[in-house]
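Novice: What follows is entry.pdb, made up of PDB, C-alpha atoms and all ligand atoms:
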```pdb
ATOM      1  CA  MET A1472     -31.421 -58.924 -37.025  1.00  0.00           C
ATOM      2  CA  THR A1473     -31.005 -55.180 -37.406  1.00  0.00           C
ATOM      3  CA  PRO A1474     -32.462 -53.185 -34.528  1.00  0.00           C
ATOM      4  CA  GLY A1475     -36.036 -52.235 -35.205  1.00  0.00           C
ATOM      5  CA  ALA A1476     -36.463 -54.814 -38.013  1.00  0.00           C
ATOM      6  CA  SER A1477     -39.347 -57.200 -37.624  1.00  0.00           C
ATOM      7  CA  PRO A1478     -38.628 -60.952 -37.500  1.00  0.00           C
ATOM      8  CA  ALA A1479     -38.847 -62.833 -40.772  1.00  0.00           C
ATOM      9  CA  PRO A1480     -42.437 -63.933 -41.370  1.00  0.00           C
ATOM     10  CA  VAL A1481     -42.990 -67.592 -40.575  1.00  0.00           C
ATOM     11  CA  GLU A1482     -43.880 -69.375 -43.795  1.00  0.00           C
ATOM     12  CA  ALA A1483     -47.491 -70.476 -43.632  1.00  0.00           C
ATOM     13  CA  ARG A1484     -47.630 -74.282 -43.871  1.00  0.00           C
ATOM     14  CA  GLY A1485     -50.700 -76.400 -44.079  1.00  0.00           C
ATOM     15  CA  THR A1486     -50.828 -79.917 -42.697  1.00  0.00           C
ATOM     16  CA  LEU A1487     -49.753 -82.662 -45.078  1.00  0.00           C
ATOM     17  CA  LEU A1488     -52.066 -85.624 -44.486  1.00  0.00           C
ATOM     18  CA  VAL A1489     -51.193 -88.990 -46.014  1.00  0.00           C
ATOM     19  CA  VAL A1490     -53.935 -91.579 -46.404  1.00  0.00           C
ATOM     20  CA  SER A1491     -52.392 -94.925 -47.241  1.00  0.00           C
ATOM     21  CA  GLY A1492     -53.274 -98.592 -46.900  1.00  0.00           C
ATOM     22  CA  PRO A1493     -53.722-101.641 -49.064  1.00  0.00           C
ATOM     23  CA  GLY A1494     -55.130-101.386 -52.560  1.00  0.00           C
ATOM     24  CA  GLY A1495     -58.900-101.961 -52.515  1.00  0.00           C
ATOM     25  CA  VAL A1496     -59.443-100.657 -48.997  1.00  0.00           C
ATOM     26  CA  GLY A1497     -61.362 -97.611 -50.235  1.00  0.00           C
ATOM     27  CA  LYS A1498     -58.782 -94.826 -49.886  1.00  0.00           C
ATOM     28  CA  GLY A1499     -60.147 -92.945 -52.890  1.00  0.00           C
ATOM     29  CA  THR A1500     -63.736 -92.933 -51.632  1.00  0.00           C
ATOM     30  CA  VAL A1501     -62.671 -91.864 -48.143  1.00  0.00           C
ATOM     31  CA  VAL A1502     -60.534 -89.022 -49.482  1.00  0.00           C
ATOM     32  CA  ARG A1503     -63.315 -87.787 -51.802  1.00  0.00           C
ATOM     33  CA  ARG A1504     -65.789 -87.765 -48.874  1.00  0.00           C
ATOM     34  CA  LEU A1505     -63.289 -85.993 -46.654  1.00  0.00           C
ATOM     35  CA  ALA A1506     -62.806 -83.297 -49.309  1.00  0.00           C
ATOM     36  CA  ARG A1507     -66.573 -82.773 -49.421  1.00  0.00           C
ATOM     37  CA  ARG A1508     -66.616 -82.230 -45.671  1.00  0.00           C
ATOM     38  CA  ARG A1509     -63.594 -79.938 -45.725  1.00  0.00           C
ATOM     39  CA  PRO A1510     -63.766 -77.495 -48.625  1.00  0.00           C
ATOM     40  CA  ASP A1511     -60.383 -76.026 -47.603  1.00  0.00           C
ATOM     41  CA  LEU A1512     -58.708 -79.410 -48.154  1.00  0.00           C
ATOM     42  CA  ALA A1513     -56.588 -79.701 -51.310  1.00  0.00           C
ATOM     43  CA  VAL A1514     -56.519 -83.185 -52.831  1.00  0.00           C
ATOM     44  CA  SER A1515     -53.222 -83.891 -54.570  1.00  0.00           C
ATOM     45  CA  VAL A1516     -53.475 -85.245 -58.123  1.00  0.00           C
ATOM     46  CA  SER A1517     -50.797 -87.900 -58.607  1.00  0.00           C
ATOM     47  CA  ALA A1518     -48.898 -88.732 -61.746  1.00  0.00           C
ATOM     48  CA  THR A1519     -48.830 -92.298 -63.049  1.00  0.00           C
ATOM     49  CA  THR A1520     -47.552 -94.333 -65.968  1.00  0.00           C
ATOM     50  CA  ARG A1521     -50.452 -96.792 -65.829  1.00  0.00           C
ATOM     51  CA  PRO A1522     -53.096 -96.452 -68.528  1.00  0.00           C
ATOM     52  CA  PRO A1523     -56.369 -94.729 -67.586  1.00  0.00           C
ATOM     53  CA  ARG A1524     -59.251 -96.962 -66.467  1.00  0.00           C
ATOM     54  CA  LEU A1525     -62.630 -96.479 -68.070  1.00  0.00           C
ATOM     55  CA  GLY A1526     -64.042 -93.093 -67.026  1.00  0.00           C
ATOM     56  CA  GLU A1527     -60.787 -91.724 -65.610  1.00  0.00           C
ATOM     57  CA  VAL A1528     -59.919 -88.213 -66.723  1.00  0.00           C
ATOM     58  CA  ASP A1529     -56.395 -86.886 -67.254  1.00  0.00           C
ATOM     59  CA  GLY A1530     -55.582 -84.098 -64.812  1.00  0.00           C
ATOM     60  CA  VAL A1531     -58.507 -85.041 -62.552  1.00  0.00           C
ATOM     61  CA  ASP A1532     -57.964 -88.655 -61.465  1.00  0.00           C
ATOM     62  CA  TYR A1533     -54.266 -88.673 -62.369  1.00  0.00           C
ATOM     63  CA  HIS A1534     -51.798 -86.958 -64.609  1.00  0.00           C
ATOM     64  CA  PHE A1535     -51.255 -89.830 -67.042  1.00  0.00           C
ATOM     65  CA  LEU A1536     -47.615 -89.699 -68.151  1.00  0.00           C
ATOM     66  CA  THR A1537     -45.463 -91.724 -70.509  1.00  0.00           C
ATOM     67  CA  ASP A1538     -42.463 -93.541 -69.046  1.00  0.00           C
ATOM     68  CA  ALA A1539     -40.160 -90.902 -70.531  1.00  0.00           C
ATOM     69  CA  GLN A1540     -42.169 -88.024 -69.033  1.00  0.00           C
ATOM     70  CA  PHE A1541     -42.173 -89.691 -65.621  1.00  0.00           C
ATOM     71  CA  THR A1542     -38.417 -90.360 -65.796  1.00  0.00           C
ATOM     72  CA  ARG A1543     -37.772 -86.722 -66.703  1.00  0.00           C
ATOM     73  CA  LEU A1544     -39.818 -85.503 -63.725  1.00  0.00           C
ATOM     74  CA  VAL A1545     -37.892 -87.841 -61.400  1.00  0.00           C
ATOM     75  CA  ALA A1546     -34.589 -86.463 -62.737  1.00  0.00           C
ATOM     76  CA  GLU A1547     -35.818 -82.893 -62.195  1.00  0.00           C
ATOM     77  CA  ASP A1548     -36.687 -83.652 -58.531  1.00  0.00           C
ATOM     78  CA  GLY A1549     -40.292 -82.990 -59.421  1.00  0.00           C
ATOM     79  CA  PHE A1550     -41.700 -85.549 -56.961  1.00  0.00           C
ATOM     80  CA  LEU A1551     -42.152 -85.419 -53.201  1.00  0.00           C
ATOM     81  CA  GLU A1552     -42.248 -89.222 -53.438  1.00  0.00           C
ATOM     82  CA  TRP A1553     -42.774 -91.876 -56.047  1.00  0.00           C
ATOM     83  CA  ALA A1554     -43.029 -95.652 -56.080  1.00  0.00           C
ATOM     84  CA  GLU A1555     -43.513 -98.592 -58.385  1.00  0.00           C
ATOM     85  CA  PHE A1556     -46.756-100.437 -57.814  1.00  0.00           C
ATOM     86  CA  ASN A1557     -47.950-103.425 -59.793  1.00  0.00           C
ATOM     87  CA  GLY A1558     -45.780-102.662 -62.815  1.00  0.00           C
ATOM     88  CA  ALA A1559     -46.450 -98.921 -63.078  1.00  0.00           C
ATOM     89  CA  ARG A1560     -44.967 -95.831 -61.448  1.00  0.00           C
ATOM     90  CA  TYR A1561     -46.972 -93.420 -59.301  1.00  0.00           C
ATOM     91  CA  GLY A1562     -45.798 -90.174 -57.735  1.00  0.00           C
ATOM     92  CA  THR A1563     -46.821 -86.981 -55.966  1.00  0.00           C
ATOM     93  CA  PRO A1564     -45.672 -83.996 -58.036  1.00  0.00           C
ATOM     94  CA  TRP A1565     -44.479 -81.047 -55.944  1.00  0.00           C
ATOM     95  CA  SER A1566     -46.506 -78.901 -58.328  1.00  0.00           C
ATOM     96  CA  SER A1567     -49.716 -80.517 -56.962  1.00  0.00           C
ATOM     97  CA  ILE A1568     -49.039 -79.610 -53.341  1.00  0.00           C
ATOM     98  CA  ARG A1569     -46.611 -76.705 -53.018  1.00  0.00           C
ATOM     99  CA  ALA A1570     -49.024 -73.800 -53.483  1.00  0.00           C
ATOM    100  CA  PRO A1571     -51.804 -74.981 -51.124  1.00  0.00           C
ATOM    101  CA  LEU A1572     -49.292 -75.931 -48.401  1.00  0.00           C
ATOM    102  CA  ALA A1573     -47.617 -72.526 -48.663  1.00  0.00           C
ATOM    103  CA  ALA A1574     -51.053 -70.914 -48.427  1.00  0.00           C
ATOM    104  CA  GLY A1575     -51.618 -72.775 -45.146  1.00  0.00           C
ATOM    105  CA  ARG A1576     -54.210 -75.178 -46.531  1.00  0.00           C
ATOM    106  CA  PRO A1577     -54.259 -78.828 -45.519  1.00  0.00           C
ATOM    107  CA  VAL A1578     -53.308 -81.172 -48.354  1.00  0.00           C
ATOM    108  CA  VAL A1579     -54.183 -84.861 -48.593  1.00  0.00           C
ATOM    109  CA  LEU A1580     -52.263 -87.517 -50.503  1.00  0.00           C
ATOM    110  CA  GLU A1581     -53.797 -90.890 -51.313  1.00  0.00           C
ATOM    111  CA  ILE A1582     -50.755 -93.052 -51.911  1.00  0.00           C
ATOM    112  CA  ASP A1583     -49.354 -96.535 -51.454  1.00  0.00           C
ATOM    113  CA  ILE A1584     -47.312 -97.659 -48.464  1.00  0.00           C
ATOM    114  CA  GLN A1585     -43.882 -97.313 -50.024  1.00  0.00           C
ATOM    115  CA  GLY A1586     -44.778 -93.720 -50.909  1.00  0.00           C
ATOM    116  CA  ALA A1587     -45.992 -93.038 -47.360  1.00  0.00           C
ATOM    117  CA  ARG A1588     -42.629 -94.261 -46.052  1.00  0.00           C
ATOM    118  CA  GLN A1589     -40.802 -91.836 -48.319  1.00  0.00           C
ATOM    119  CA  VAL A1590     -42.991 -88.965 -47.149  1.00  0.00           C
ATOM    120  CA  ARG A1591     -42.144 -89.860 -43.551  1.00  0.00           C
ATOM    121  CA  ALA A1592     -38.431 -89.622 -44.417  1.00  0.00           C
ATOM    122  CA  THR A1593     -38.505 -86.427 -46.474  1.00  0.00           C
ATOM    123  CA  TYR A1594     -41.403 -84.552 -44.828  1.00  0.00           C
ATOM    124  CA  PRO A1595     -41.406 -85.642 -41.170  1.00  0.00           C
ATOM    125  CA  GLU A1596     -44.196 -83.234 -40.156  1.00  0.00           C
ATOM    126  CA  ALA A1597     -46.650 -85.181 -42.335  1.00  0.00           C
ATOM    127  CA  VAL A1598     -49.478 -87.006 -40.563  1.00  0.00           C
ATOM    128  CA  LEU A1599     -49.691 -90.637 -41.704  1.00  0.00           C
ATOM    129  CA  VAL A1600     -52.980 -92.517 -41.597  1.00  0.00           C
ATOM    130  CA  PHE A1601     -53.254 -96.227 -42.395  1.00  0.00           C
ATOM    131  CA  LEU A1602     -56.708 -97.099 -43.669  1.00  0.00           C
ATOM    132  CA  ALA A1603     -57.364-100.736 -42.783  1.00  0.00           C
ATOM    133  CA  PRO A1604     -60.107-103.090 -44.014  1.00  0.00           C
ATOM    134  CA  PRO A1605     -62.462-104.624 -41.406  1.00  0.00           C
ATOM    135  CA  SER A1606     -60.776-107.965 -42.177  1.00  0.00           C
ATOM    136  CA  PRO A1607     -58.396-109.471 -44.773  1.00  0.00           C
ATOM    137  CA  ALA A1608     -61.363-111.406 -46.219  1.00  0.00           C
ATOM    138  CA  ALA A1609     -63.343-108.177 -46.772  1.00  0.00           C
ATOM    139  CA  LEU A1610     -60.391-106.757 -48.675  1.00  0.00           C
ATOM    140  CA  GLU A1611     -60.178-109.847 -50.872  1.00  0.00           C
ATOM    141  CA  VAL A1612     -63.846-109.487 -51.839  1.00  0.00           C
ATOM    142  CA  ARG A1613     -63.287-105.857 -52.825  1.00  0.00           C
ATOM    143  CA  LEU A1614     -60.211-106.642 -54.898  1.00  0.00           C
ATOM    144  CA  ARG A1615     -62.011-109.477 -56.700  1.00  0.00           C
ATOM    145  CA  ASN A1616     -64.932-107.193 -57.564  1.00  0.00           C
ATOM    146  CA  ARG A1617     -62.861-104.512 -59.277  1.00  0.00           C
ATOM    147  CA  GLY A1618     -63.072-105.907 -62.768  1.00  0.00           C
ATOM    148  CA  ASP A1619     -59.323-106.498 -63.147  1.00  0.00           C
ATOM    149  CA  SER A1620     -57.971-109.631 -64.872  1.00  0.00           C
ATOM    150  CA  ALA A1621     -57.570-112.791 -62.753  1.00  0.00           C
ATOM    151  CA  GLU A1622     -53.796-112.423 -62.956  1.00  0.00           C
ATOM    152  CA  ALA A1623     -53.905-108.776 -61.852  1.00  0.00           C
ATOM    153  CA  ILE A1624     -56.192-109.727 -58.949  1.00  0.00           C
ATOM    154  CA  GLU A1625     -53.777-112.424 -57.745  1.00  0.00           C
ATOM    155  CA  ARG A1626     -50.867-109.973 -57.947  1.00  0.00           C
ATOM    156  CA  ARG A1627     -52.854-107.378 -56.015  1.00  0.00           C
ATOM    157  CA  LEU A1628     -53.778-109.937 -53.334  1.00  0.00           C
ATOM    158  CA  ASP A1629     -50.108-110.787 -52.859  1.00  0.00           C
ATOM    159  CA  ILE A1630     -49.231-107.119 -52.511  1.00  0.00           C
ATOM    160  CA  ALA A1631     -52.157-106.558 -50.115  1.00  0.00           C
ATOM    161  CA  ARG A1632     -50.925-109.309 -47.774  1.00  0.00           C
ATOM    162  CA  TRP A1633     -47.616-107.496 -47.405  1.00  0.00           C
ATOM    163  CA  GLU A1634     -49.348-104.099 -47.147  1.00  0.00           C
ATOM    164  CA  LEU A1635     -51.604-105.210 -44.292  1.00  0.00           C
ATOM    165  CA  ALA A1636     -48.543-106.022 -42.217  1.00  0.00           C
ATOM    166  CA  GLN A1637     -47.239-102.429 -42.409  1.00  0.00           C
ATOM    167  CA  ALA A1638     -49.872-100.637 -40.297  1.00  0.00           C
ATOM    168  CA  GLY A1639     -47.552-100.349 -37.276  1.00  0.00           C
ATOM    169  CA  ASP A1640     -45.366 -97.769 -39.047  1.00  0.00           C
ATOM    170  CA  PHE A1641     -48.184 -95.214 -39.201  1.00  0.00           C
ATOM    171  CA  ASP A1642     -49.277 -92.436 -36.799  1.00  0.00           C
ATOM    172  CA  HIS A1643     -52.918 -93.555 -36.881  1.00  0.00           C
ATOM    173  CA  VAL A1644     -54.857 -96.637 -37.989  1.00  0.00           C
ATOM    174  CA  VAL A1645     -58.465 -96.089 -39.083  1.00  0.00           C
ATOM    175  CA  VAL A1646     -60.656 -99.091 -39.931  1.00  0.00           C
ATOM    176  CA  ASN A1647     -62.837 -98.530 -42.982  1.00  0.00           C
ATOM    177  CA  ASP A1648     -65.841-100.490 -41.791  1.00  0.00           C
ATOM    178  CA  ASP A1649     -68.444 -97.722 -41.840  1.00  0.00           C
ATOM    179  CA  LEU A1650     -67.489 -95.105 -44.456  1.00  0.00           C
ATOM    180  CA  GLU A1651     -68.914 -92.075 -42.608  1.00  0.00           C
ATOM    181  CA  GLN A1652     -67.241 -93.083 -39.348  1.00  0.00           C
ATOM    182  CA  ALA A1653     -63.889 -93.560 -41.064  1.00  0.00           C
ATOM    183  CA  VAL A1654     -64.163 -90.144 -42.727  1.00  0.00           C
ATOM    184  CA  ALA A1655     -65.142 -88.509 -39.422  1.00  0.00           C
ATOM    185  CA  ALA A1656     -62.185 -90.154 -37.676  1.00  0.00           C
ATOM    186  CA  ILE A1657     -59.722 -88.820 -40.262  1.00  0.00           C
ATOM    187  CA  ASP A1658     -61.372 -85.391 -40.077  1.00  0.00           C
ATOM    188  CA  ARG A1659     -60.738 -85.370 -36.307  1.00  0.00           C
ATOM    189  CA  ILE A1660     -57.109 -86.393 -36.831  1.00  0.00           C
ATOM    190  CA  LEU A1661     -56.707 -83.525 -39.293  1.00  0.00           C
ATOM    191  CA  ALA A1662     -58.355 -81.032 -36.936  1.00  0.00           C
ATOM    192  CA  ARG A1663     -56.011 -82.062 -34.109  1.00  0.00           C
ATOM    193  CA  SER A1664     -52.941 -81.704 -36.337  1.00  0.00           C
ATOM    194  CA  ALA A1665     -53.703 -78.208 -37.644  1.00  0.00           C
TER     195      ALA A1665
HETATM  196  P1  LIG A1701     -54.611 -97.466 -58.784  1.00  0.00           P
HETATM  197  O1  LIG A1701     -53.848 -98.019 -59.946  1.00  0.00           O
HETATM  198  O2  LIG A1701     -55.571 -98.463 -58.204  1.00  0.00           O
HETATM  199  O3  LIG A1701     -55.235 -96.127 -59.064  1.00  0.00           O
HETATM  200  O4  LIG A1701     -53.527 -97.184 -57.630  1.00  0.00           O
HETATM  201  C1  LIG A1701     -52.643 -98.188 -57.220  1.00  0.00           C
HETATM  202  C2  LIG A1701     -51.969 -97.769 -55.943  1.00  0.00           C
HETATM  203  O5  LIG A1701     -51.137 -96.626 -56.162  1.00  0.00           O
HETATM  204  C3  LIG A1701     -52.943 -97.372 -54.824  1.00  0.00           C
HETATM  205  O6  LIG A1701     -52.513 -97.964 -53.628  1.00  0.00           O
HETATM  206  C4  LIG A1701     -52.804 -95.863 -54.780  1.00  0.00           C
HETATM  207  O7  LIG A1701     -53.058 -95.340 -53.493  1.00  0.00           O
HETATM  208  C5  LIG A1701     -51.348 -95.710 -55.126  1.00  0.00           C
HETATM  209  N1  LIG A1701     -51.011 -94.351 -55.571  1.00  0.00           N
HETATM  210  C6  LIG A1701     -51.781 -93.461 -56.222  1.00  0.00           C
HETATM  211  N2  LIG A1701     -51.120 -92.312 -56.410  1.00  0.00           N
HETATM  212  C7  LIG A1701     -49.906 -92.472 -55.832  1.00  0.00           C
HETATM  213  C8  LIG A1701     -48.760 -91.611 -55.670  1.00  0.00           C
HETATM  214  O8  LIG A1701     -48.720 -90.461 -56.074  1.00  0.00           O
HETATM  215  N3  LIG A1701     -47.698 -92.140 -55.030  1.00  0.00           N
HETATM  216  C9  LIG A1701     -47.680 -93.406 -54.555  1.00  0.00           C
HETATM  217  N4  LIG A1701     -46.587 -93.808 -53.914  1.00  0.00           N
HETATM  218  N5  LIG A1701     -48.728 -94.236 -54.682  1.00  0.00           N
HETATM  219  C10 LIG A1701     -49.830 -93.766 -55.309  1.00  0.00           C
END
```
Could you quickly redo this structure as structure tokens?
Ligand code: 5GP

Specialist:
Amino acid sequence: MTPGASPAPVEARGTLLVVSGPGGVGKGTVVRRLARRRPDLAVSVSATTRPPRLGEVDGVDYHFLTDAQFTRLVAEDGFLEWAEFNGARYGTPWSSIRAPLAAGRPVVLEIDIQGARQVRATYPEAVLVFLAPPSPAALEVRLRNRGDSAEAIERRLDIARWELAQAGDFDHVVVNDDLEQAVAAIDRILARSA
């Protein structure tokens, strides 16, 4: 450093919070509630190749991409992480998270377990939360009530059994028994990590 020059400014970096856990555990609801409590929190919008469900809006719930568009973004290193889940691809575009992180805002990702593992490898400062159901039976009830086809439900149950066994790899496990308590617990984790 030249004498008299000031040190390079430290790049502002918000906390990257990952909320993961088995499908059907209520990650989406928890993250939406958390965002209501924390207006500074940026919620990442993922990209996916699965078709929109009824009521889902492009650019709000997901960026709905074709296979070719998704493949191009992978080739361009456009994803922090991506994974295949139940026959479709899902990923976190850097473009969804770069600006708020650089501005020092916390950012939350709601992603599957394979994606959380990739974040751990490529972004080790991330804080990983596993959202767990009160019991495996409670999760099964939720998955059966989603309106998916019987075949899709069975596939999701198989995946969920594997997913439930992965909690040990996470920094924190929060049980989603009472919604408000689960949200408050994650809020405290975020406050401690800032
Ligand atoms: P769904 O099809 O029910 O919206 O999502 C299926 C699974 O994909 C859920 O576990 C959800 O958390 C996960 N998911 C959503 N977005 C992403 C993402 O960007 N990356 C990864 N790895 N998983 C995601």

Novice: Hey, can you check how far atom CA of A:Arg1615 sits from atom CA of A:Gly1494?

Specialist: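 Going from atom CA of A:Arg1615 over to atom CA of A:Gly1494 covers 11.4 Å.
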
Novice: Translate the PyMOL selection byres (((not hetatm)) within 8 of (chain A and resi 1701)) into a concrete residue list for this structure, as a ChimeraX atom specification.

Specialist: /A:1491-1495,1498-1499,1516-1519,1521,1533,1552-1557,1560-1564,1580-1587

Novice: Name every residue that the PyMOL selection byres (((chain A and resi 1608) around 12) and not hetatm) selects in this structure, writing the answer as number ranges by chain with chains first and numbers rising.

Specialist: A: 1495-1496, 1603-1607, 1609-1615, 1628, 1631-1632, 1635

Novice: For atom CA of A:Thr1542 and atom CA of A:Leu1599, quote the distance in Å rounded to one decimal.

Specialist: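 Interatomic distance here is 26.6 Å.
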
Novice: I'd like the contact shell of A:Val1579 - 9 Å cut-off, all atoms listed in the file, skipping same-chain residues fewer than 3 positions apart - returned as a ChimeraX atom specification.

Specialist: /A:1486-1490,1502,1506,1512-1515,1568

Novice: Calculate how many Å separate atom CA of A:Ala1546 from atom CA of A:Val1528, rounding to one decimal.

Specialist: 25.7 Å

Novice: With distances taken over only C-alpha atoms, which of A:Asn1647, A:Gln1652, A:Ser1620, A:Gln1589 is nearest to A:Gly1497?

Specialist: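 Once distances to A:Gly1497 are computed over only C-alpha atoms, the minimum belongs to A:Asn1647.
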
Novice: Centre and edge lengths, as AutoDock Vina command-line options, for the axis-aligned box enclosing every listed atom of stretch 1484-1502 of chain A with 6 Å of padding on each of the six sides, in Å to one decimal?

Specialist:
```
--center_x -55.7 --center_y -88.1 --center_z -47.8 --size_x 28.1 --size_y 39.7 --size_z 22.2
```
